[in-house]
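What follows is a single structure, written as structure tokens, with notes after it.
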Amino acid sequence: MSVVRPDVRREAFAAASRFRAEFYACLTARRDDMFELTDALLCVGGPVTSPVDLTMVPEHRRGHGALYGALNRGQIDVGRLRTLLAELPLPRFEGGRLVLAVDVSPWLRSDAPCSADRLFCHVYGRAKSASQFIPGWPYSFVAALEPGATSWTSILDVARLGPEDDATAVTATQLRAVAERLISAGQWVPGDPDITIVMDAGYDVTRLAWVLRDLPVELVGRIRSDRVMRLPKPSPKEYALACPQGGRPPKHGKEFRFAKPETWPEAAITTVTDTANYGKAETQAWDRVHPRLTHRS
């Protein structure tokens with residue numbers, strides 16, 4: 001028999017109970033051990049410095065051997081778990097839009113020289129005003145963002161990057177799989193706003209947008225402040241006025257240098273918004289500004 005407190009949201013409690021039951025079904029070997037290990041990992045009161053410390057958490061009712069048995073012999077149906085995560089209620093922005101974020105987070109393994117497939121991970125903040133490269137395992141996460149001033153996210157997928165992997169190709173495959181699972185789960189139907197995917201400056205947004213062009217997604221990526229783009233090529237009439245002597249028409253327009261505002265043409269869209277914390281925010285947008293592709297990165 002279970003007793004639910006009267007001040008508990010019964011719908012949320014029922015949804016959490018259903019998720020726990022489905023997650024338990026995703027565990028295919030050492031099921032009970034792995035389930036208690038997951039509970040202990042979520043309920044521990046601080047960072048986990050050693051796996052054996054989890055056996056001291058009340059949620060883990062088994063001994064040391066069960067913990068290492070779960071880590072060494074446990075198995076998870078990863079495909080079923082990914083489908084389960086895509087079927088959960090997801091946070092939405094205005095108009096019911098889904099906003100996903102993709103980023104790489106490293107698991108630093110500097111003291112584990114025998115760990116296979118380690119890479120040098122670029123991290124910030126570990127030295128004064130400097131970044132470092134530390135051996136570790138980089139993991140690519142895809143999460144659904146919540147609106148408002150919150151740091152909560154709904155993790156939908158994770159993949160580890162290996163030494164031979166092309167980060168952009170792995171990200172494209174990962175985003176395609178996540179989008180297709182969301183569509184299959186009914187999280188997006190025709191007529192809904194396109195799924196927005198945001199990413200940092202380390203991603204090749206142009207290539208990802210081309211690879212994922214058949215999906216209902218919009219990509220928003222930050223670009224380095226020293227980049228040089230190209231404006232759209234002039235129309236035949238504009239080219240005739242600029243070059244009356246004729247010749248081969250150009251494939252690209254003039255340069256658009258981020259660091260030199262004098263190279264910016266008049267913006268197609270300009271918005272001004274007053275914010276509570278940062279004052280006036282002004283945004284400018286230009287259409288069809290693109291990089292000049294000289295080789296495949």
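Ligands are numbered from 1 in the order shown, chains are lettered A, B, ... in the order of the structure tokens, and residues start at 1 in each chain.
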Could you pull out all residues of range 23-162 of chain A with a DSSP call of strand (DSSP E) and give them as an NGL selection string? :A and (27-29 or 75-76 or 99-108 or 119-127 or 130-145 or 153-160)
Residues at most 6 Å from Ala285 in chain A, counting only C-alpha atoms, excluding those fewer than 4 positions away in the same chain, as a PyMOL selection string? chain A and resi 267-269
For a quick check of understanding, using only C-alpha atoms, which of A:Val178, A:Ala12, A:Leu293, A:Leu231 has the smallest distance to Ala144 in chain A? A:Val178
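Residues with any atom within 12 Å of Gly162 in chain A, counting only C-alpha atoms and excluding same-chain neighbours fewer than 4 positions away, are A:Pro106, A:Ala116, A:Asp117, A:Arg118, A:Leu119, A:Phe120, A:Cys121, A:Gly136, A:Trp137, A:Pro138, A:Tyr139, A:Ser140, A:Asp166, A:Ala167, A:Val170.
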If you take only C-alpha atoms and a cut-off of 9 Å, which residues of range 179-240 of chain A touch range 73-85 of chain A, and what are their nearest atom pairs and distances in Å to one decimal, in chain and number order, as CSV?
residue,atom,partner,partner_atom,distance
A:Arg181,CA,A:Thr83,CA,6.6
A:Leu182,CA,A:Thr83,CA,8.5
A:Ala185,CA,A:Thr83,CA,7.9
Could you save those same residues with C-alpha atoms as an mmCIF file, in the first residue's frame?
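Listed below is the output, selection.cif:
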data_model
loop_
_atom_site.group_PDB
_atom_site.id
_atom_site.type_symbol
_atom_site.label_atom_id
_atom_site.label_comp_id
_atom_site.auth_asym_id
_atom_site.auth_seq_id
_atom_site.Cartn_x
_atom_site.Cartn_y
_atom_site.Cartn_z
ATOM 1 C CA ARG A 181 12.115 10.227 -32.358
ATOM 2 C CA LEU A 182 10.285 13.404 -31.321
ATOM 3 C CA ALA A 185 6.372 10.313 -30.390
#
With a distance cut-off of 9 Å and only C-alpha atoms, select the neighbouring residues of Ala281 in chain A, excluding the residue or stretch itself and same-chain residues fewer than 3 positions from it, and output the selection as a ChimeraX atom specification. /A:271-275,278
What would the file look like if the residues just selected were written as a PDB file, in the first residue's frame with N, CA, C and O atoms?
ATOM      1  N   THR A 271      15.498  45.260 -34.340  1.00  0.00           N
ATOM      2  CA  THR A 271      14.567  45.280 -33.220  1.00  0.00           C
ATOM      3  C   THR A 271      15.268  45.845 -31.996  1.00  0.00           C
ATOM      4  O   THR A 271      16.477  45.677 -31.825  1.00  0.00           O
ATOM      5  N   VAL A 272      14.512  46.497 -31.131  1.00  0.00           N
ATOM      6  CA  VAL A 272      15.011  47.059 -29.875  1.00  0.00           C
ATOM      7  C   VAL A 272      14.076  46.605 -28.766  1.00  0.00           C
ATOM      8  O   VAL A 272      12.847  46.786 -28.860  1.00  0.00           O
ATOM      9  N   THR A 273      14.636  46.006 -27.741  1.00  0.00           N
ATOM     10  CA  THR A 273      13.851  45.465 -26.632  1.00  0.00           C
ATOM     11  C   THR A 273      14.458  45.928 -25.321  1.00  0.00           C
ATOM     12  O   THR A 273      15.681  45.869 -25.142  1.00  0.00           O
ATOM     13  N   ASP A 274      13.612  46.376 -24.412  1.00  0.00           N
ATOM     14  CA  ASP A 274      14.056  46.757 -23.064  1.00  0.00           C
ATOM     15  C   ASP A 274      13.993  45.529 -22.168  1.00  0.00           C
ATOM     16  O   ASP A 274      12.948  44.877 -22.041  1.00  0.00           O
ATOM     17  N   THR A 275      15.132  45.190 -21.556  1.00  0.00           N
ATOM     18  CA  THR A 275      15.209  44.040 -20.661  1.00  0.00           C
ATOM     19  C   THR A 275      15.337  44.505 -19.226  1.00  0.00           C
ATOM     20  O   THR A 275      15.828  45.609 -18.951  1.00  0.00           O
ATOM     21  N   TYR A 278      19.476  43.790 -18.310  1.00  0.00           N
ATOM     22  CA  TYR A 278      20.588  44.190 -19.164  1.00  0.00           C
ATOM     23  C   TYR A 278      20.328  45.479 -19.929  1.00  0.00           C
ATOM     24  O   TYR A 278      21.098  45.827 -20.827  1.00  0.00           O
TER      25      TYR A 278
END
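Residue neighbourhood of Val99 in chain A, excluding near-sequence residues (fewer than 6 positions): Ala144, Leu145, Ile195, Thr196 and Ile197 of chain A, at 7 Å, using only C-alpha atoms.
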File dump, residues just selected, N, CA, C and O atoms, as a PDB file, in the first residue's frame:
ATOM      1  N   ALA A 144      16.311  19.387 -24.131  1.00  0.00           N
ATOM      2  CA  ALA A 144      15.217  20.327 -24.370  1.00  0.00           C
ATOM      3  C   ALA A 144      15.272  21.414 -23.307  1.00  0.00           C
ATOM      4  O   ALA A 144      15.329  21.125 -22.118  1.00  0.00           O
ATOM      5  N   LEU A 145      15.276  22.677 -23.740  1.00  0.00           N
ATOM      6  CA  LEU A 145      15.401  23.805 -22.830  1.00  0.00           C
ATOM      7  C   LEU A 145      14.038  24.242 -22.317  1.00  0.00           C
ATOM      8  O   LEU A 145      13.015  24.076 -22.982  1.00  0.00           O
ATOM      9  N   ILE A 195      11.189  22.992 -34.920  1.00  0.00           N
ATOM     10  CA  ILE A 195      12.013  22.771 -33.735  1.00  0.00           C
ATOM     11  C   ILE A 195      13.269  23.628 -33.848  1.00  0.00           C
ATOM     12  O   ILE A 195      13.993  23.564 -34.859  1.00  0.00           O
ATOM     13  N   THR A 196      13.538  24.438 -32.859  1.00  0.00           N
ATOM     14  CA  THR A 196      14.732  25.286 -32.842  1.00  0.00           C
ATOM     15  C   THR A 196      15.864  24.556 -32.133  1.00  0.00           C
ATOM     16  O   THR A 196      15.671  24.016 -31.039  1.00  0.00           O
ATOM     17  N   ILE A 197      17.033  24.537 -32.748  1.00  0.00           N
ATOM     18  CA  ILE A 197      18.221  23.906 -32.165  1.00  0.00           C
ATOM     19  C   ILE A 197      19.283  24.975 -32.011  1.00  0.00           C
ATOM     20  O   ILE A 197      19.682  25.615 -32.994  1.00  0.00           O
TER      21      ILE A 197
END
Which residues, written as number ranges by chain, have at least one atom at most 10 Å from Leu37 in chain A, with only C-alpha atoms counted and residues fewer than 5 positions away on the same chain left out? A: 31-32, 42-43, 51, 54-55, 57, 59-62, 66-68, 70-71
Now that the selection is made, can you save its residues with N, CA, C and O atoms as a PDB file, in the first residue's frame?
ATOM      1  N   ARG A  31      19.125  -5.883 -13.063  1.00  0.00           N
ATOM      2  CA  ARG A  31      18.101  -4.848 -13.069  1.00  0.00           C
ATOM      3  C   ARG A  31      17.949  -4.171 -11.711  1.00  0.00           C
ATOM      4  O   ARG A  31      17.967  -2.946 -11.605  1.00  0.00           O
ATOM      5  N   ASP A  32      17.784  -4.944 -10.652  1.00  0.00           N
ATOM      6  CA  ASP A  32      17.568  -4.358  -9.324  1.00  0.00           C
ATOM      7  C   ASP A  32      18.792  -3.591  -8.841  1.00  0.00           C
ATOM      8  O   ASP A  32      18.670  -2.510  -8.253  1.00  0.00           O
ATOM      9  N   LEU A  42      21.092   9.778  -7.824  1.00  0.00           N
ATOM     10  CA  LEU A  42      20.232  10.958  -7.884  1.00  0.00           C
ATOM     11  C   LEU A  42      19.974  11.573  -6.517  1.00  0.00           C
ATOM     12  O   LEU A  42      19.704  12.773  -6.414  1.00  0.00           O
ATOM     13  N   CYS A  43      20.040  10.769  -5.467  1.00  0.00           N
ATOM     14  CA  CYS A  43      19.669  11.237  -4.130  1.00  0.00           C
ATOM     15  C   CYS A  43      20.861  11.601  -3.259  1.00  0.00           C
ATOM     16  O   CYS A  43      20.666  12.095  -2.140  1.00  0.00           O
ATOM     17  N   PRO A  51      32.644   5.604  -6.609  1.00  0.00           N
ATOM     18  CA  PRO A  51      31.395   4.827  -6.705  1.00  0.00           C
ATOM     19  C   PRO A  51      31.033   4.120  -5.410  1.00  0.00           C
ATOM     20  O   PRO A  51      29.852   3.987  -5.079  1.00  0.00           O
ATOM     21  N   LEU A  54      28.466   5.470  -2.921  1.00  0.00           N
ATOM     22  CA  LEU A  54      27.033   5.359  -3.148  1.00  0.00           C
ATOM     23  C   LEU A  54      26.400   4.255  -2.308  1.00  0.00           C
ATOM     24  O   LEU A  54      25.184   4.260  -2.087  1.00  0.00           O
ATOM     25  N   THR A  55      27.193   3.276  -1.858  1.00  0.00           N
ATOM     26  CA  THR A  55      26.634   2.216  -1.021  1.00  0.00           C
ATOM     27  C   THR A  55      26.234   2.727   0.352  1.00  0.00           C
ATOM     28  O   THR A  55      25.505   2.035   1.079  1.00  0.00           O
ATOM     29  N   VAL A  57      24.512   5.546   0.742  1.00  0.00           N
ATOM     30  CA  VAL A  57      23.268   6.302   0.582  1.00  0.00           C
ATOM     31  C   VAL A  57      22.101   5.389   0.939  1.00  0.00           C
ATOM     32  O   VAL A  57      22.084   4.207   0.551  1.00  0.00           O
ATOM     33  N   GLU A  59      19.215   5.000  -0.215  1.00  0.00           N
ATOM     34  CA  GLU A  59      18.491   4.428  -1.356  1.00  0.00           C
ATOM     35  C   GLU A  59      19.169   3.172  -1.903  1.00  0.00           C
ATOM     36  O   GLU A  59      18.530   2.398  -2.621  1.00  0.00           O
ATOM     37  N   HIS A  60      20.445   3.004  -1.612  1.00  0.00           N
ATOM     38  CA  HIS A  60      21.163   1.801  -2.065  1.00  0.00           C
ATOM     39  C   HIS A  60      21.194   0.821  -0.896  1.00  0.00           C
ATOM     40  O   HIS A  60      21.950   0.984   0.053  1.00  0.00           O
ATOM     41  N   ARG A  61      20.368  -0.224  -0.998  1.00  0.00           N
ATOM     42  CA  ARG A  61      20.191  -1.147   0.120  1.00  0.00           C
ATOM     43  C   ARG A  61      21.049  -2.394  -0.008  1.00  0.00           C
ATOM     44  O   ARG A  61      20.921  -3.315   0.800  1.00  0.00           O
ATOM     45  N   ARG A  62      21.926  -2.437  -0.983  1.00  0.00           N
ATOM     46  CA  ARG A  62      22.737  -3.620  -1.208  1.00  0.00           C
ATOM     47  C   ARG A  62      24.190  -3.342  -0.834  1.00  0.00           C
ATOM     48  O   ARG A  62      24.562  -2.218  -0.506  1.00  0.00           O
ATOM     49  N   ALA A  66      27.292  -5.812  -4.928  1.00  0.00           N
ATOM     50  CA  ALA A  66      26.192  -5.560  -5.844  1.00  0.00           C
ATOM     51  C   ALA A  66      26.452  -4.324  -6.685  1.00  0.00           C
ATOM     52  O   ALA A  66      26.102  -4.272  -7.866  1.00  0.00           O
ATOM     53  N   LEU A  67      27.074  -3.300  -6.088  1.00  0.00           N
ATOM     54  CA  LEU A  67      27.366  -2.083  -6.843  1.00  0.00           C
ATOM     55  C   LEU A  67      28.330  -2.370  -7.985  1.00  0.00           C
ATOM     56  O   LEU A  67      28.081  -1.989  -9.135  1.00  0.00           O
ATOM     57  N   TYR A  68      29.428  -3.063  -7.684  1.00  0.00           N
ATOM     58  CA  TYR A  68      30.398  -3.344  -8.749  1.00  0.00           C
ATOM     59  C   TYR A  68      29.860  -4.377  -9.728  1.00  0.00           C
ATOM     60  O   TYR A  68      30.223  -4.362 -10.913  1.00  0.00           O
ATOM     61  N   ALA A  70      26.742  -4.410 -10.700  1.00  0.00           N
ATOM     62  CA  ALA A  70      25.913  -3.621 -11.604  1.00  0.00           C
ATOM     63  C   ALA A  70      26.756  -2.857 -12.606  1.00  0.00           C
ATOM     64  O   ALA A  70      26.414  -2.758 -13.790  1.00  0.00           O
ATOM     65  N   LEU A  71      27.883  -2.285 -12.163  1.00  0.00           N
ATOM     66  CA  LEU A  71      28.732  -1.525 -13.070  1.00  0.00           C
ATOM     67  C   LEU A  71      29.420  -2.421 -14.093  1.00  0.00           C
ATOM     68  O   LEU A  71      29.605  -2.021 -15.247  1.00  0.00           O
TER      69      LEU A  71
END
CA of Ala16 in chain A to CA of Thr150 in chain A: how many Å, to one decimal? 20.6 Å
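Note that CA of Leu156 in chain A and CA of Phe19 in chain A are 13.9 Å apart.
Here the question is which of A:Met199, A:Ala259, A:Val158, A:Val205 gets nearest to Asp226 in chain A using only C-alpha atoms, and that residue is A:Ala259.
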Run DSSP on the backbone and grab whatever in range 11-222 of chain A lands in alpha helix (DSSP H); send it over as a PyMOL selection string. chain A and resi 11-26+31-43+64-73+78-87+167-184+205-211
So that I have them on file, write out the residues from the current selection with C-alpha atoms, as a compact mmCIF listing (two decimals), in the first residue's frame.
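Full text of result-v3.txt as output:
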# COMPACT_ATOMS: atom_id res chain seq x y z
CA GLU A 11 -0.49 13.98 -11.79
CA ALA A 12 3.23 14.65 -11.42
CA PHE A 13 3.58 11.78 -8.95
CA ALA A 14 1.81 9.41 -11.36
CA ALA A 15 4.01 10.56 -14.29
CA ALA A 16 7.17 10.00 -12.21
CA SER A 17 5.93 6.55 -11.18
CA ARG A 18 5.24 5.60 -14.80
CA PHE A 19 8.69 6.81 -15.84
CA ARG A 20 10.36 4.77 -13.08
CA ALA A 21 8.48 1.66 -14.17
CA GLU A 22 9.45 2.18 -17.82
CA PHE A 23 13.06 2.91 -16.88
CA TYR A 24 13.15 -0.29 -14.83
CA ALA A 25 12.01 -2.17 -17.93
CA CYS A 26 14.93 -0.67 -19.91
CA ARG A 31 18.10 -4.85 -13.07
CA ASP A 32 17.57 -4.36 -9.32
CA ASP A 33 21.19 -3.46 -8.67
CA MET A 34 21.29 -0.84 -11.42
CA PHE A 35 17.93 0.64 -10.40
CA GLU A 36 19.07 1.18 -6.81
CA LEU A 37 22.40 2.52 -8.03
CA THR A 38 20.56 5.10 -10.14
CA ASP A 39 18.40 6.11 -7.18
CA ALA A 40 21.48 6.52 -5.01
CA LEU A 41 23.23 8.61 -7.65
CA LEU A 42 20.23 10.96 -7.88
CA CYS A 43 19.67 11.24 -4.13
CA HIS A 64 29.62 -3.27 -2.21
CA GLY A 65 29.59 -6.36 -4.40
CA ALA A 66 26.19 -5.56 -5.84
CA LEU A 67 27.37 -2.08 -6.84
CA TYR A 68 30.40 -3.34 -8.75
CA GLY A 69 28.34 -6.17 -10.19
CA ALA A 70 25.91 -3.62 -11.60
CA LEU A 71 28.73 -1.52 -13.07
CA ASN A 72 30.54 -4.51 -14.59
CA ARG A 73 27.66 -6.77 -15.64
CA VAL A 78 19.67 2.22 -24.91
CA GLY A 79 17.25 2.43 -27.83
CA ARG A 80 14.23 1.85 -25.58
CA LEU A 81 15.52 4.42 -23.08
CA ARG A 82 15.95 7.04 -25.82
CA THR A 83 12.41 6.41 -27.04
CA LEU A 84 11.14 6.72 -23.47
CA LEU A 85 12.85 10.09 -23.02
CA ALA A 86 11.35 11.38 -26.28
CA GLU A 87 7.84 10.43 -25.11
CA ALA A 167 32.27 15.97 -34.51
CA THR A 168 29.97 17.63 -37.06
CA ALA A 169 28.98 14.30 -38.64
CA VAL A 170 28.29 12.74 -35.24
CA THR A 171 26.23 15.78 -34.22
CA ALA A 172 24.22 15.68 -37.44
CA THR A 173 23.43 11.98 -36.96
CA GLN A 174 22.52 12.58 -33.33
CA LEU A 175 20.24 15.55 -34.06
CA ARG A 176 18.52 13.68 -36.88
CA ALA A 177 17.82 10.71 -34.64
CA VAL A 178 16.46 12.94 -31.86
CA ALA A 179 14.21 14.90 -34.24
CA GLU A 180 12.85 11.70 -35.79
CA ARG A 181 12.12 10.23 -32.36
CA LEU A 182 10.28 13.40 -31.32
CA ILE A 183 8.19 13.31 -34.49
CA SER A 184 7.40 9.61 -33.99
CA VAL A 205 26.15 25.63 -38.36
CA THR A 206 26.17 25.99 -42.15
CA ARG A 207 27.03 22.35 -42.76
CA LEU A 208 24.53 21.14 -40.15
CA ALA A 209 21.77 23.26 -41.67
CA TRP A 210 22.47 21.71 -45.09
CA VAL A 211 22.58 18.14 -43.78
